[in-house]
Amino acid sequence: TNPKFKQAEEVYRSLIRAVGDSRTPPELRMVRGRSSVFDIAMFAPKQHRVLIEERFVDLTQRLPPSDGPHALALILGHELAHFYRSHPWALEFGNAFANRQRQSEDGGAASTSGHVVNLEELRRLESEPDYFGAFYSFLAGYHPLRIASTVFDAVYREYQFDKSLSAYEHLEDRKAAAQEAQARLRQLEPLFEAGIFLSLLKDHLNAARVFDRIAADFPGPEILNNAGASLANESLRWFT
């Protein structure tokens, strides 16, 4: 019944519907105030939960009203991407905002298992959920990467992050990762819309080719269903 949780849950459910995956999604839980074990949000595989801090929800409510849902989609989509993309490393490293791992002497990040991951690899692993989470958000009607810089500025001020974070988590690096994801997404958004328009124009074969291209990156049920429906419609041209 908490209105803050209901606001976050509405965005969360919209993202899950957009993904359309048959697997049971993680349960959403909101931690009152601030968490003692993570910052902002995290995917907890063992608990099969996505956790979000009330503190961050409060921050989104201080943004312009039209930006709040997109800010929630930015973070929740990122965490859901860890689950739907089956990232085994999410358990050890949490998200790009939390810096609670020991740093190795050679500049890598040491996990709880003692495995050292290069900072460039960590940056790549954390930019991928930005990309996939943003596409799921796009399908759900949100555009989180367009306000990512604004959200990150507010987050880093609120949490006073840069003083203690490892190099790959610094504000400018985090913005750069989001901008890279946005640049990749800009290539797919018009492609998806083109597939829709081709379907409306009954150019089903080319529509199927477009959706197949998108499915190479996002093999979700909605995209695959669009490709299959387009091919089925094309095949009907050969029957009376």
# chains A, B, ... in the order shown; residues from 1 in each chain; ligands from 1

$ residues_around --residues "Leu80 in chain A" --least-positions-apart "3" --cutoff "8 Å" --atoms "only C-alpha atoms" --output "short mmCIF file (atom, residue, chain, number, x, y, z; two decimals) with N, CA, C and O atoms, in the first residue's frame"
data_model
loop_
_atom_site.label_atom_id
_atom_site.label_comp_id
_atom_site.auth_asym_id
_atom_site.auth_seq_id
_atom_site.Cartn_x
_atom_site.Cartn_y
_atom_site.Cartn_z
N PRO A 26 11.96 -11.81 -10.95
CA PRO A 26 12.31 -11.56 -9.55
C PRO A 26 11.23 -10.71 -8.87
O PRO A 26 10.58 -9.88 -9.51
N PHE A 43 20.14 -6.57 -8.06
CA PHE A 43 19.51 -7.86 -8.32
C PHE A 43 20.16 -8.88 -7.41
O PHE A 43 21.39 -9.03 -7.42
N VAL A 50 14.64 -8.20 -6.91
CA VAL A 50 15.24 -6.91 -7.22
C VAL A 50 14.91 -5.99 -6.07
O VAL A 50 13.74 -5.84 -5.69
N LEU A 76 15.58 0.14 -12.68
CA LEU A 76 14.91 -1.16 -12.61
C LEU A 76 15.17 -1.98 -13.87
O LEU A 76 15.33 -3.20 -13.81
N GLY A 77 15.20 -1.30 -15.03
CA GLY A 77 15.51 -2.01 -16.26
C GLY A 77 16.91 -2.58 -16.25
O GLY A 77 17.16 -3.70 -16.73
N PHE A 83 18.98 -10.21 -14.69
CA PHE A 83 18.25 -11.48 -14.59
C PHE A 83 17.97 -12.06 -15.98
O PHE A 83 18.30 -13.21 -16.26
N TYR A 84 17.36 -11.27 -16.85
CA TYR A 84 16.92 -11.80 -18.14
C TYR A 84 18.08 -12.14 -19.06
O TYR A 84 17.94 -12.98 -19.95
N GLY A 133 18.41 -3.05 -20.75
CA GLY A 133 17.35 -2.48 -19.93
C GLY A 133 16.66 -1.33 -20.62
O GLY A 133 15.44 -1.15 -20.51
#

$ select_by_dssp --residues "range 3-232 of chain A" --states "strand (DSSP E)" --output "list in words"
Glu27, Leu28, Arg29, Met30, Val31, Ala41, Met42, Phe43, Ala44, Arg49, Val50, Leu51, Ile52, Glu53, Ala109, Ala110, Val116 and Val117 of chain A

$ residues_around --residues "Tyr156 in chain A" --least-positions-apart "2" --cutoff "12 Å" --atoms "only C-alpha atoms" --output "list of chain:residue names"
A:Asp39, A:Ile40, A:Phe56, A:Leu59, A:Phe97, A:Ala98, A:Ala148, A:Ser149, A:Thr150, A:Val151, A:Phe152, A:Asp153, A:Ala154, A:Glu158, A:Tyr159, A:Gln160, A:Phe161, A:Asp162, A:Lys163, A:Ser164, A:Leu165, A:Glu169, A:His170, A:Leu171, A:Glu172, A:Arg174, A:Lys175

$ residues_around --residues "Ile147 in chain A" --least-positions-apart "3" --cutoff "10 Å" --atoms "only C-alpha atoms" --output "NGL selection string"
:A and (67-68 or 70-71 or 74 or 143-144 or 150-152 or 178)

$ closest_residue --among "A:Ala44, A:Ser127, A:Phe138, A:Thr1" --to "Asp173 in chain A" --atoms "only C-alpha atoms"
A:Ser127
